[in-house]
Every structure is written in C-alpha cells, then in structure tokens.
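This report concerns only the one structure given below.
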Amino acid sequence: MTGESFAAIDAALDRLPRTDWTVLRGVPLPGRASVALDHVVVGPSGVFVIQGDTTSGRIVLKNDGMRVHGRRRQGALDAAASAAVAIGERLATLDVRHVHGVVCFVRDEEVKGRAGQTFVTSTESLEKLLLGMPAYFSAHRARSIAEDVEESVLEAARPRQDDAFSRRRTGVHREQPSEQLRARSTRRGARAGAAVLATAGLLVAMFALVVLASLYTLFTGIIDTNPAAAQDTATQCERVNANHPHGVGRPGAHDKVVKGEKRVKKFTVGKRLYRELHDLDTDHDGIACEQR
C-alpha cells in the first residue's frame, strides 16, 4: 500500500472517538515478523484487523466470495481473515469471535458488506462500519485489550521491528518502545502476584479466626461450671419450692435418679408453669426444682 493510501485509512480512523478506540499501526503479524499489518483497531465492538486495498473497479460480494472489476479477490479476504485469527490466538483473555478481519478499499464511494467472516468496506464507510457494530466492552476493557494486543505481538517482532508500530490514545500518536512494554508487563505481573498473596493471607487469617472461635466455644463449653450461675439457679429454686415443695413438672414427666435413690412423684404438674421454669430443669427430666 502506498503512503497516500495508508494516510487515507488513517484519516478515516482519526474520526473515531478517541476515548473509546485505540489504533495500532504497522503491527507485526504473529508468526511472520517480516509482514506488518496496516492497522489493528480496538474498541467497544472488539478487535478489527484492517488491510487496505487500492484496487479500482466495481465490487461484488456474493456468498463467501468477492469480485473486483470482474476478478476474484479471494486472496485479500483470506489474508485479512488469517491475520485476524493470528491476532486472536495470541489473546488469551479474549474470545476469538471478537477479532474480525476487514478489507478496506481506498475510495470515496460507500462500500459496506461481508464476505464469509471478513468485513468489506471503504475509507468512506469505515467509520460507520466500526461505530455501527454492537458494543461488547466498556472503554476501560477496550483499552486493556489494546494493551494485550501490543504485548502479544512482541514475541512476533524482531528486535529491529520492536519500535515499528505506534499507537493512538486520547489523540496522542507516539512510539511504543519495547522496553516500556516489557516493563509494563513486568509491573502487571507483580501487581497480580501481590494481589494473589494478599488474598491468600486474608484467607489464612479468616481461617485462623474461625479455628480460634471454635476452640473458644469448645473450651468455654467444657469448663462451663460457673459457681455464680449454679448459685442463681439454687436461689430461684428456693423461691419455687416455697410454693411447690417438690418442684414443677410437665405432664408425664419422671424424675431422673441414680440407682438406689427414690423418685420425686408429688411435684406440681403444670404444662404452662413448667414452660416458664424449664431453664431450672438442670437434669432435663421434665421436672424443674425437684426436691424430695
């Protein structure tokens, strides 16, 4: 593609909202470092690998094929589609269905269609095509995907090509040196590791608190022989026995005794009264404050 044609596509992409879209230029093709993709555009609608075409003539899209000036141009479609697949396979955090190949003809007429899995458009219709796609991601997520695209192609770029592509964000075009990308990748890895360690530490601390609480409950349950509580129960039973000498029991209750002792049988029977005094039934035999 000539510099003039490249600039025409550049100008069309410059009309995209700068806060939502990131444009990468001259991106090395993964697996073929000597081949540079014209443009890779990332926005809320996904990732679009755009290959320019300066061929003139009438464009006909039919089924999965394309003809320009009566000649089949399957090669252009296949190149855009394979480039999109190559980029998509490098993005571990993104479904490949959100990576699209685009053939963009440099001309002033409206061209907008699809041949197979590849979009076909022109510099006149490129902006409408991209903005008319459904939005799947927020602007923040789109910027994160753009960073992943940049980092993923580092392995495919030779040292002399590390600075061969630039990016646009918030209207500023700048070179993206490979050392900065590596440093950013290292920082992101460090932050992720720190987050994992912090989460693990929090889980360990919570587990320790649960264990301590369980031990405390078990320990206090074992040694729960509070003399004050026993004295309070005895005091309340003295008041009950003043009116009910042998205690109060529910209907059908039987005094629980050790072998050889006599059972209390003359206790006052009262379902409602026992319900009020059941906390004083220390041996849980259905009789509160039993006394021989």
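Here's how to read the names in the structure tokens: chain A, B, ... by the order shown, residue numbers from 1 in each chain, ligand numbers from 1 in the order shown.
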Write out as a ChimeraX atom specification the set of residues from segment 7-230 of chain A that DSSP, computed on the backbone, places in strand (DSSP E or B).
/A:22-29,32-43,46-53,59-62,65-68,71-72,99-105,112-115,118-122,166-169,172-175
Near Gly116 of chain A, within 10 Å and counting only C-alpha atoms, which residues show up once chain neighbours fewer than 4 positions away are dropped, as number ranges by chain?
A: 61-66, 77-78, 81, 120
I need the chosen residues saved as a compact mmCIF listing (two decimals), in the first residue's frame, with N, CA and C atoms.
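The file below, result11.txt, is the result:
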```txt
# COMPACT_ATOMS: atom_id res chain seq x y z
N LEU A 61 -20.01 -8.56 -3.85
CA LEU A 61 -19.91 -9.54 -2.76
C LEU A 61 -21.03 -10.56 -2.95
N LYS A 62 -20.65 -11.81 -3.04
CA LYS A 62 -21.63 -12.85 -3.26
C LYS A 62 -21.22 -14.09 -2.49
N ASN A 63 -22.16 -14.58 -1.66
CA ASN A 63 -21.90 -15.73 -0.79
C ASN A 63 -20.64 -15.44 0.04
N ASP A 64 -19.62 -16.30 -0.10
CA ASP A 64 -18.39 -16.12 0.66
C ASP A 64 -17.27 -15.54 -0.18
N GLY A 65 -17.57 -15.05 -1.38
CA GLY A 65 -16.53 -14.57 -2.28
C GLY A 65 -16.67 -13.09 -2.60
N MET A 66 -15.65 -12.56 -3.27
CA MET A 66 -15.64 -11.16 -3.66
C MET A 66 -14.99 -11.03 -5.03
N LEU A 77 -9.41 -11.55 0.94
CA LEU A 77 -10.28 -11.98 2.04
C LEU A 77 -9.55 -12.95 2.96
N ASP A 78 -8.86 -13.91 2.36
CA ASP A 78 -8.15 -14.92 3.17
C ASP A 78 -7.05 -14.28 4.00
N ALA A 81 -8.64 -12.50 6.97
CA ALA A 81 -9.19 -13.47 7.92
C ALA A 81 -8.08 -14.18 8.69
N VAL A 120 -16.02 -6.14 4.47
CA VAL A 120 -15.52 -5.40 3.31
C VAL A 120 -16.11 -4.01 3.37
```
Atomic separation - atom CA of Gly286 of chain A relative to atom CA of Gly252 of chain A, Å
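Answer for the atom CA of Gly252 of chain A to atom CA of Gly286 of chain A separation: 8.4 Å.
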Determine, counting only C-alpha atoms, which protein, DNA and RNA residues have an atom within 7 Å of an atom of segment 102-114 of chain A; residues of the same chain fewer than 2 positions away are not included. Present the result as an MDAnalysis selection string.
chainID A and resid 5 8 48:54 77 80 100 116:125
Between A:Val264, A:Leu37, A:Ala205, A:Val47, which residue has the minimum interatomic distance to Glu147 of chain A, considering only C-alpha atoms?
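Selected residue with least distance to Glu147 of chain A: A:Val47.
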Do you know which residues are at most 7 Å from Gly249 of chain A counting only C-alpha atoms, after dropping those on the same chain fewer than 4 positions away, and could you put them as a ChimeraX atom specification?
/A:253,267-270,274,286-288
Could you save those same residues with N, CA, C and O atoms as a PDB file, in the first residue's frame?
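The new file out.pdb reads:
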```
ATOM      1  N   ALA A 253     -43.987 -36.452  83.177  1.00  0.00           N
ATOM      2  CA  ALA A 253     -42.551 -36.410  83.481  1.00  0.00           C
ATOM      3  C   ALA A 253     -42.205 -37.412  84.572  1.00  0.00           C
ATOM      4  O   ALA A 253     -43.034 -37.748  85.439  1.00  0.00           O
ATOM      5  N   PHE A 267     -44.566 -33.830  92.660  1.00  0.00           N
ATOM      6  CA  PHE A 267     -44.320 -32.494  92.131  1.00  0.00           C
ATOM      7  C   PHE A 267     -45.594 -31.930  91.511  1.00  0.00           C
ATOM      8  O   PHE A 267     -46.517 -32.672  91.157  1.00  0.00           O
ATOM      9  N   THR A 268     -45.645 -30.627  91.443  1.00  0.00           N
ATOM     10  CA  THR A 268     -46.799 -29.951  90.852  1.00  0.00           C
ATOM     11  C   THR A 268     -46.758 -30.113  89.329  1.00  0.00           C
ATOM     12  O   THR A 268     -45.741 -29.839  88.685  1.00  0.00           O
ATOM     13  N   VAL A 269     -47.864 -30.588  88.766  1.00  0.00           N
ATOM     14  CA  VAL A 269     -47.941 -30.796  87.311  1.00  0.00           C
ATOM     15  C   VAL A 269     -48.609 -29.573  86.675  1.00  0.00           C
ATOM     16  O   VAL A 269     -49.718 -29.199  87.039  1.00  0.00           O
ATOM     17  N   GLY A 270     -47.921 -28.983  85.774  1.00  0.00           N
ATOM     18  CA  GLY A 270     -48.469 -27.815  85.064  1.00  0.00           C
ATOM     19  C   GLY A 270     -47.665 -27.536  83.796  1.00  0.00           C
ATOM     20  O   GLY A 270     -46.486 -27.169  83.871  1.00  0.00           O
ATOM     21  N   TYR A 274     -44.466 -25.177  83.922  1.00  0.00           N
ATOM     22  CA  TYR A 274     -43.151 -25.797  83.669  1.00  0.00           C
ATOM     23  C   TYR A 274     -42.425 -25.084  82.532  1.00  0.00           C
ATOM     24  O   TYR A 274     -41.213 -24.896  82.554  1.00  0.00           O
ATOM     25  N   GLY A 286     -37.754 -33.145  82.766  1.00  0.00           N
ATOM     26  CA  GLY A 286     -39.124 -32.669  82.696  1.00  0.00           C
ATOM     27  C   GLY A 286     -39.653 -32.131  84.005  1.00  0.00           C
ATOM     28  O   GLY A 286     -40.827 -31.768  84.087  1.00  0.00           O
ATOM     29  N   ILE A 287     -38.787 -32.051  85.039  1.00  0.00           N
ATOM     30  CA  ILE A 287     -39.202 -31.528  86.347  1.00  0.00           C
ATOM     31  C   ILE A 287     -38.211 -30.455  86.756  1.00  0.00           C
ATOM     32  O   ILE A 287     -36.997 -30.695  86.816  1.00  0.00           O
ATOM     33  N   ALA A 288     -38.711 -29.278  87.042  1.00  0.00           N
ATOM     34  CA  ALA A 288     -37.861 -28.175  87.469  1.00  0.00           C
ATOM     35  C   ALA A 288     -37.866 -28.064  88.980  1.00  0.00           C
ATOM     36  O   ALA A 288     -38.931 -28.137  89.609  1.00  0.00           O
TER      37      ALA A 288
END
```
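Here the question is which of A:Leu273, A:Val204, A:Ala79, A:Ala7 gets nearest to Ala36 of chain A using only C-alpha atoms, and that residue is A:Ala79.
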Between A:Arg58, A:Val258, A:Val23, A:Leu129, which one has atoms that come closest to Ile145 of chain A, using only C-alpha atoms?
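Selected residue with least distance to Ile145 of chain A: A:Val23.
Considering the residues A:Leu212, A:Leu94, A:Ala242, A:Ala12 and counting only C-alpha atoms, Arg141 of chain A has its shortest atom-to-atom contact with A:Leu94.
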One-decimal distance in Å that lies between atom CA of Ala84 of chain A and atom CA of Glu151 of chain A:
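Separation of atom CA of Glu151 of chain A and atom CA of Ala84 of chain A: 15.9 Å.
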Would you mind telling me which residue in A:Gly247, A:Gly46, A:Gly26, A:Gly101 lies nearest to Leu277 of chain A when using only C-alpha atoms?
A:Gly247
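Counting from atom CA of Ala83 of chain A, the distance to atom CA of Ala139 of chain A is 24.0 Å.
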Which is closest to Phe137 of chain A among A:Gln74, A:Thr93, A:Thr55, A:Ser45, if we use only C-alpha atoms?
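Once distances to Phe137 of chain A are computed over only C-alpha atoms, the minimum belongs to A:Ser45.
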Near His69 of chain A, within 9 Å and counting only C-alpha atoms, which residues show up once chain neighbours fewer than 2 positions away are dropped, as a PDB file with C-alpha atoms, in the first residue's frame?
```pdb
ATOM      1  CA  THR A  55      -7.778  -1.902  -6.432  1.00  0.00           C
ATOM      2  CA  SER A  56     -10.296   0.013  -8.540  1.00  0.00           C
ATOM      3  CA  GLY A  57     -13.426  -1.306 -10.192  1.00  0.00           C
ATOM      4  CA  ARG A  58     -16.901  -2.455  -9.233  1.00  0.00           C
ATOM      5  CA  ILE A  59     -17.020  -4.562  -6.048  1.00  0.00           C
ATOM      6  CA  VAL A  60     -19.405  -7.518  -5.949  1.00  0.00           C
ATOM      7  CA  ARG A  67     -15.041  -9.889  -7.175  1.00  0.00           C
ATOM      8  CA  ARG A  71     -11.914 -10.706 -10.996  1.00  0.00           C
ATOM      9  CA  ARG A  72     -11.976 -12.913  -7.918  1.00  0.00           C
TER      10      ARG A  72
END
```
